[in-house]
Amino acid sequence: MSITTKELYSIQKNSWPRFGRINLLWSALKGWRHIYALGLAAIIGEVFFTFSSPMIVKLTIDSVIGTAPPVIRFPLSVILEPFLGKNFEGGGLLENFVSSQTLQTWGDTAWVWQPWLRDHLWVLGLAFACMIFMQAFFSFIASLSLNTAAEQSAQALRDRLYQHTQCLPYETMLRAQTGDWLQRCTSDVDTVRRFFAFEFVELFRTLALVAFVFPIMFSLSYRLTLWGSMVMPIIILFSFYFQKMVERLFLVADEREGLLSGIVQENVTGVRVVRAFARQQYELERFSRANRGLRDQVYKLISWLGFYWGFSSFLGILQIALLLGAGLKLYTTGFITIGLLVLFLTYEQQVLWPVRQFGRILADTGKTKVALGRIAELLALVTEEELDKTVKVPTVSYSNAGGSFHDEWARGPIEFVDVSFSYPDGTEVLKHISFRIAPGEHVAIVGPTGSGKSTLMHLLVRFYEPSEGCIRIGGQDIRTIPKGELRKAISLVLQDSFLFGKTVRENLLAACPEANDTTLIEVAQKAAFHHVAMGFQDGYDTMVGERGVTLSGGQRQRLALARALLRTAPILILDDSLSAVDTETDRLIREAIGKQGRGTTTTFIVAHRLTTLAEADTILVLEDGRITAQGSHEDLIQQPGLYRRLAELQSAFMDE
Amino acid sequence: MSEQTQFEEKEYSSQFDVALWRKIFRFGKALYPVIGLLILIMIGVAILDGIFPQLTRYALDVLIPIAQDPDSAPLISRFIFRYGLLALLQGFNVWALIMIAGIIEVRLVYTLREKAFQRLQQLSFSYYDRTPAGWIIARMTSDAQKLGDTIAWGIVDLVWGTTMMLTIIVFMVVMQPLLAAITLVFVPPLLVITFWFQKRILAAQRKARKANSIVTGAFNEGLQGGRTTKALGIEKYNYKEFAEKTQTLRNHSIRAARLSALFFPIVISLAAMGAALALGAGGQFLLKGIISFGTLVAFINYAMMFFDPAREVARVLSEFQAAQASAERLVGLISTEPEIVDRPGALEGTTVQGELVLDRISFRYGPDNPWIFKDFSLQVPAGQTLAVVGETGCGKSTLVNLICRFYEPEAGNIYIDELDYRERTQHWLHSQLGYVLQTPLLFSGTVRENIRYGRLDATDEDIYRAARDANALAFIERLEHDFDTLVGEGGALLSVGQKQLISLARALVADPRIIVLDEATSSVDTETEVLIQGAISRLLSGRTSIVIAHRLSTIRNADRIILLDKGRIVEDGNHQSLMARHGMYWKLYTQQFLSEDAFIQAAGA
């Protein structure tokens with residue numbers, strides 16, 4: 001299987017290996033497998049006692065109150081033998097409470113225990129209650145361990161997904177379809193959790209029930225068992241058929257609900273357009289149509305649900321009627337006792353519900369399959385680290401003796417040597433770029449939109465690897481520097497920096513957790529954000545982001561800048577990251593950065609404003625992926641080219 | 001930021017708000033007869049459920065003793081036949097209850113959504129400005145659904161549960177009052193424990209849900225902020241924070257699961273104790289001949305049946321309490337009053353010439369906020385192109401909001417063709433006035449539908465012409481199904497530049513007399529930029545236009561430029577005259593407008 005480079009960066013359908021889904025399930029349970037197994041074992045215990053307690057009732061009816069010889073089968077036999085003695089003929093634990101003499105005088109009754117138990121009926125009541133206590137106990141153990149294991153596995157999956165998505169290459173992040181990915185990380189994980197906590201458990205329980213109850217019933221009376229399971233296959237088939245039918249209906253209903261919320265979303269976010277064209281009536285009609293569509297689909301769904309549950313209720317009760325009728329008939333021919341009929345009636349009711357649910361559970365299992373596939377696809381995306389293994393690293397290896405990034409290399413010159421770059425989709429962006437920047441220099445990069453300015457900066461922090469040539473910082477090929485080290489040494493402020501949904505302080509500290517308040521305020525002042533923060537009621541503890549205060553574009557950029565400055569890295573890159581800041585503030589910020597940074601911090605500024613450009617030590621003019629000019633403002637206005645034309649245009653405008 | 005707190009997820013109200021529920025039920029007034037029918041059916045279902053053990057009892061007590069007698073065969077057949085009929089009746093009941101409860105749910109949800117959406121179409125911009133879109137969408141979708149669910153199926157379970165419990169008690173007492181009293185001893189603790197647990201389980205689940213939405217939010221941030229995280233190199237730091245959140249979620253979930261795991265065993269044990277008492281005491285009663293076999297079996301069955309309805313009733317009552325928060329939010333939305341309404345007798349009709357006068361208007365966003373405009377006046381003669389420039393926060397956007405009557409001035413008047421615009425209807429104003437945003441908003445649908453949004457009765461010919469005038473034709477014809485290509489939600493399948501061209505075509509097809517254009521600098525390639533500039537100049541020509549300008553070309557071509565600063569006009573004139581003054585405009589112009597626009601010219605030269 002060969003994949004082109006482009007496909008490395010986006011989700012590929014069915015990209016998991018064979019058995020990948022089962023492996024994923026298995027690995028999600030890691031560390032909790034024994035707990036899960038314990039839960040499943042407890043289910044067997046629960047089922048065991050579920051079928052024992054009705055047998056007590058049968059025993060009471062037939063052989064204690066009635067006079068039939070006791071028929072005690074598995075599983076009750078296992079429990080009762082220690083108490084009532086071998087073959088229940090005396091000699092067990094219970095005999096300690098009864099004098100042996102008494103037992104013998106009752107020898108001529110149908111069952112040795114009958115007379116004593118008749119006088120001590122509460123013992124049977126107690127036995128019945130004990131069975132149910134045991135059932136309850138096992139049910140508790142099962143529920144607790146299965147749910148715990150399911151929650152743990154869900155947490156493990158969530159953590160793994162988060163970690164994985166954080167480690168993806170820049171290009172993949174750029175292409176990410178947030179909504180779809182979010183669904184894979186949240187609701188798909190929840191589907192898997194439910195599979196562990198419910199569906200698999202229910203399937204297991206149903207199988208255990210059937211595996212337990214049918215042999216017992218058969219051994220007690222195969223005739224009554226046949227009568228008692230006549231309708232079951234119909235219910236199961238019907239349940240499957242029904243699932244198939246409604247699955248499609250559910251899918252359509254989901255789609256229509258999505259359509260409806262899409263319309264609301266567009267209407268609310270596009271409210272200006274709606275009002276500007278006075279289209280309220282039109283929007284109402286559009287919404288009503290979708291609302292009706294959803295309503296009618298849900299009606300359809302409900303009429304199926306009603307039919308299914310109505311019909312299966314009828315079948316279930318009919319099954320009991322059949323059992324009763326057959327039981328009465330078999331009783332007259334002496335095949336069964338009353339107690340046995342009551343026992344079968346109880347068993348029937350216990351089995352009917354899971355059988356009616358069977359189709360739904362299987363359908364949900366199908367959903368788990370899809371969810372697992374979607375999660376596996378996301379996890380199959382290649383991480384930055386894996387991608388690095390494909391990068392050819394020069395033999396000269398990186399050494400970092402001091403262990404700190406304030407190493408020599410980061411304070412050295414920055415060289416681009418014949419660097420070319422094409423995007424993974426094949427678009428050629430940079431062509432044969434070469435330049436050398438002395439440490440501490442301030443560099444401005446200028447050029448029309450799409451000329452490759454941002455890409456040039458992204459190469460420097462290794463968001464991408466050059467297709468040709470090499471980049472050196474302090475003589476060190478940056479491919480030999482671990483990405484973590486490299487990015488610690490370079491503070492990059494993106495064009496569209498993201499602010500986290502935290503307080504101002506926390507947003508700043510994310511970049512440098514150990515910074516104290518003095519430094520915090522210092523950088524905020526440099527970035528002209530301090531007075532903005534102080535203007536809020538809660539100062540630096542004000543929440544920003546979606547659930548907090550709304551910052552203007554310029555304020556956001558300034559906060560992002562402050563965050564980057566806090567790291568005091570030897571190299572600073574501002575990728576058009578002050579575009580929304582007004583000119584006056586822009587000037588103040590540049591002064592603040594320049595005053596301290598000049599000579600110590602190598603700074604790159606991608607900018608449009610000519611005032612910004614003129615102040616730089618070196619200006620790189622980028623046109624169509626090539627450096628067409630390089631030099632100071634004074635140098636560049638001497639030579640014909642884009643820069644001079646820009647400057648001329650400016651002065652021409654000023655003279656008007 | 002007290003406003004913010006109102007949007008915090010409030011999920012639980014401790015007090016039962018009768019007035020609120022009455023309001024909700026009033027929305028479903030048309031459903032009253034159906035609800036009555038549903039209640040009747042549920043009573044029927046519950047009573048039938050209670051009758052089936054009686055049938056077993058009859059079979060054991062009456063039919064078994066005579067079963068040996070060959071004459072009893074028709075009696076048994078008749079019994080089975082009747083049992084089957086009751087099965088059919090119950091099957092029908094179940095079908096009817098699902099259908100009816102379903103109808104109630106669907107209709108209620110439908111009506112609530114219609115009402116809420118209608119209200120959304122009337123609400124003023126001030127509402128939208130202070131309410132996050134996600135909040136509104138959640139009210140329209142999940143809250144409406146939750147309310148419909150809770151009400152319809154809540155009635156079902158509540159009626160079934162109470163009737164079932166009563167039926168069981170009545171049957172027990174009628175069969176044998178003393179044994180009934182003995183068996184029912186465990187019912188009061190059963191009820192108390194059930195309610196205690198249900199309340200706590202729901203509370204624990206709510207906490208887990210809240211933790212879950214925090215995790216979802218963190219995922220969202222992780223994905224959206226992924227590139228920033230990478231640039232800052234804080235992947236590990238973020239992961240540590242994230243792991244804490246999933247830890248919290250897991251802890252809350254396990255706590256909820258533990259409560260549920262404990263609840264069922266305890267309750268079924270209590271029920272079993274009742275059944276054990278029925279077996280022990282009932283056996284004695286049977287031996288003494290007080291009760292029959294069948295009665296004993298029926299008692300045991302009833303005792304075990306009791307806990308199911310008790311659990312349902314407890315669950316429904318807690319759920320109603322939880323749904324109250326949904327009800328509050330939804331009713332809150334539906335009963336919000338729009339701030340801008342048409343005056344009684346407001347005029348429609350008459351095409352506008354396009355003269356616009358703002359006469360000493362004052363405005364601020366609410367009494368707690370500073371004045372944006374104070375005694376501000378502006379006259380725009382019909383046909384003039386007016387460019388408005390100024391730094392962020394000078395009042396440009398507010399000016400647009402006022403002219404479009406998205407907000408109304410607190411004092412002063414705005415006249416269009418010498419008539420106060422408040423004398424007209426909003427619909428009239430918006431039919432005469434075109435508002436073009438440069439952050440273009442398209443709707444899912446085809447290209448054609450999006451252009452037609454400007455004028456619903458536009459012919460295909462009109463749409464073609466508008467697309468041509470907007471310089472959009474070339475790219476539209478390159479699309480797979482040209483005008484019938486789907487644009488995706490919000491136009492996601494098109495590029496920013498393409499969206500802008502279509503939004504300009506949309507405005508052109510509307511052909512309004514007054515244009516309000518809110519330009520924004522955007523990063524489109526040079527070629528597209530030239531197309532957009534051409535489309536804009538075509539759109540503005542021959543109309544009264546107010547342009548919040550960011551493009552050099554737009555400003556230079558304007559008939560008149562005003563420079564706003566803190567809600568005042570500080571400079572007024574055309575490009576040449578303002579440049580000559582070497583004042584604020586000159587400064588702004590050389591520093592700001594000359595940036596990207598200059599590149600286009602310089603690069604093209």
# chains A, B, ... in the order shown; residues from 1 in each chain; ligands from 1
>>> residues_around(residues="range 475-485 of chain B", least_positions_apart="2", cutoff="9 Å", atoms="only C-alpha atoms", output="MDAnalysis selection string")
chainID B and resid 445:449 464 467 471:473 487 498
>>> residues_around(residues="Pro409 in chain B", least_positions_apart="6", cutoff="9 Å", atoms="only C-alpha atoms", output="JSON, numbers by chain")
{"B": [361, 362, 363, 364, 373, 402]}
>>> residues_around(residues="Glu339 in chain B", least_positions_apart="6", cutoff="10 Å", atoms="only C-alpha atoms", output="count of residues only")
9
>>> residues_around(residues="Ala564 in chain A", least_positions_apart="4", cutoff="7 Å", atoms="only C-alpha atoms", output="list in words")
Ser491, Leu492, Val493, Ala511 and Ala560 of chain A
>>> atom_distance(atom1="CA of Gly390 in chain B", atom2="CA of Gln500 in chain B")
23.0 Å
>>> residues_around(residues="Pro65 in chain B", least_positions_apart="6", cutoff="12 Å", atoms="only C-alpha atoms", output="PyMOL selection string")
(chain A and resi 328+331-332+338) or (chain B and resi 58-59+72+76+292-294)
>>> residues_around(residues="Phe299 in chain B", least_positions_apart="3", cutoff="12 Å", atoms="only C-alpha atoms", output="PyMOL selection string")
(chain A and resi 57) or (chain B and resi 50+53-54+56-57+168-184+271-272+274-283+285-286+291-296+302-306)
>>> atom_distance(atom1="CA of Ser422 in chain A", atom2="CA of Pro169 in chain A")
15.6 Å
>>> residues_around(residues="range 392-395 of chain B", least_positions_apart="5", cutoff="9 Å", atoms="only C-alpha atoms", output="list in words")
Ala580, Val581 and Asp582 of chain A; Ile372, Phe373, Val400, Leu564, Asp565, Lys566, Gly567 and Arg568 of chain B
>>> write_last_selection(atoms="C-alpha atoms", output="PDB file, in the first residue's frame")
ATOM      1  CA  ALA A 580      -5.364  44.209  13.974  1.00  0.00           C
ATOM      2  CA  VAL A 581      -3.499  46.484  16.381  1.00  0.00           C
ATOM      3  CA  ASP A 582      -3.894  50.172  15.610  1.00  0.00           C
TER       4      ASP A 582
ATOM      5  CA  ILE B 372     -21.026  56.263  21.424  1.00  0.00           C
ATOM      6  CA  PHE B 373     -22.736  59.212  19.739  1.00  0.00           C
ATOM      7  CA  VAL B 400     -24.120  50.959  10.481  1.00  0.00           C
ATOM      8  CA  LEU B 564     -14.787  59.537  12.798  1.00  0.00           C
ATOM      9  CA  ASP B 565     -13.072  59.822  16.138  1.00  0.00           C
ATOM     10  CA  LYS B 566     -14.849  59.004  19.397  1.00  0.00           C
ATOM     11  CA  GLY B 567     -18.263  59.451  17.811  1.00  0.00           C
ATOM     12  CA  ARG B 568     -17.534  62.781  16.142  1.00  0.00           C
TER      13      ARG B 568
END
>>> atom_distance(atom1="CA of Gln555 in chain A", atom2="CA of Ile605 in chain A")
18.4 Å
>>> closest_residue(among="A:Val98, A:Leu294, A:Leu121, A:Leu224", to="chain B", atoms="only C-alpha atoms")
A:Leu121
>>> select_by_dssp(residues="range 230-404 of chain A", states="helix (DSSP H, G or I)", output="ChimeraX atom specification")
/A:232-269,271-276,280-332,338-379,384-388
>>> closest_residue(among="A:Thr225, A:Thr455, A:Asn267, A:Thr368", to="Phe198 in chain A", atoms="only C-alpha atoms")
A:Thr368
>>> closest_residue(among="B:Leu517, B:Leu232, B:Ala325, B:Ala382", to="Phe16 in chain B", atoms="only C-alpha atoms")
B:Ala325
>>> closest_residue(among="B:Cys404, B:Val156, B:Ala204, B:Ile39", to="chain A", atoms="only C-alpha atoms")
B:Cys404
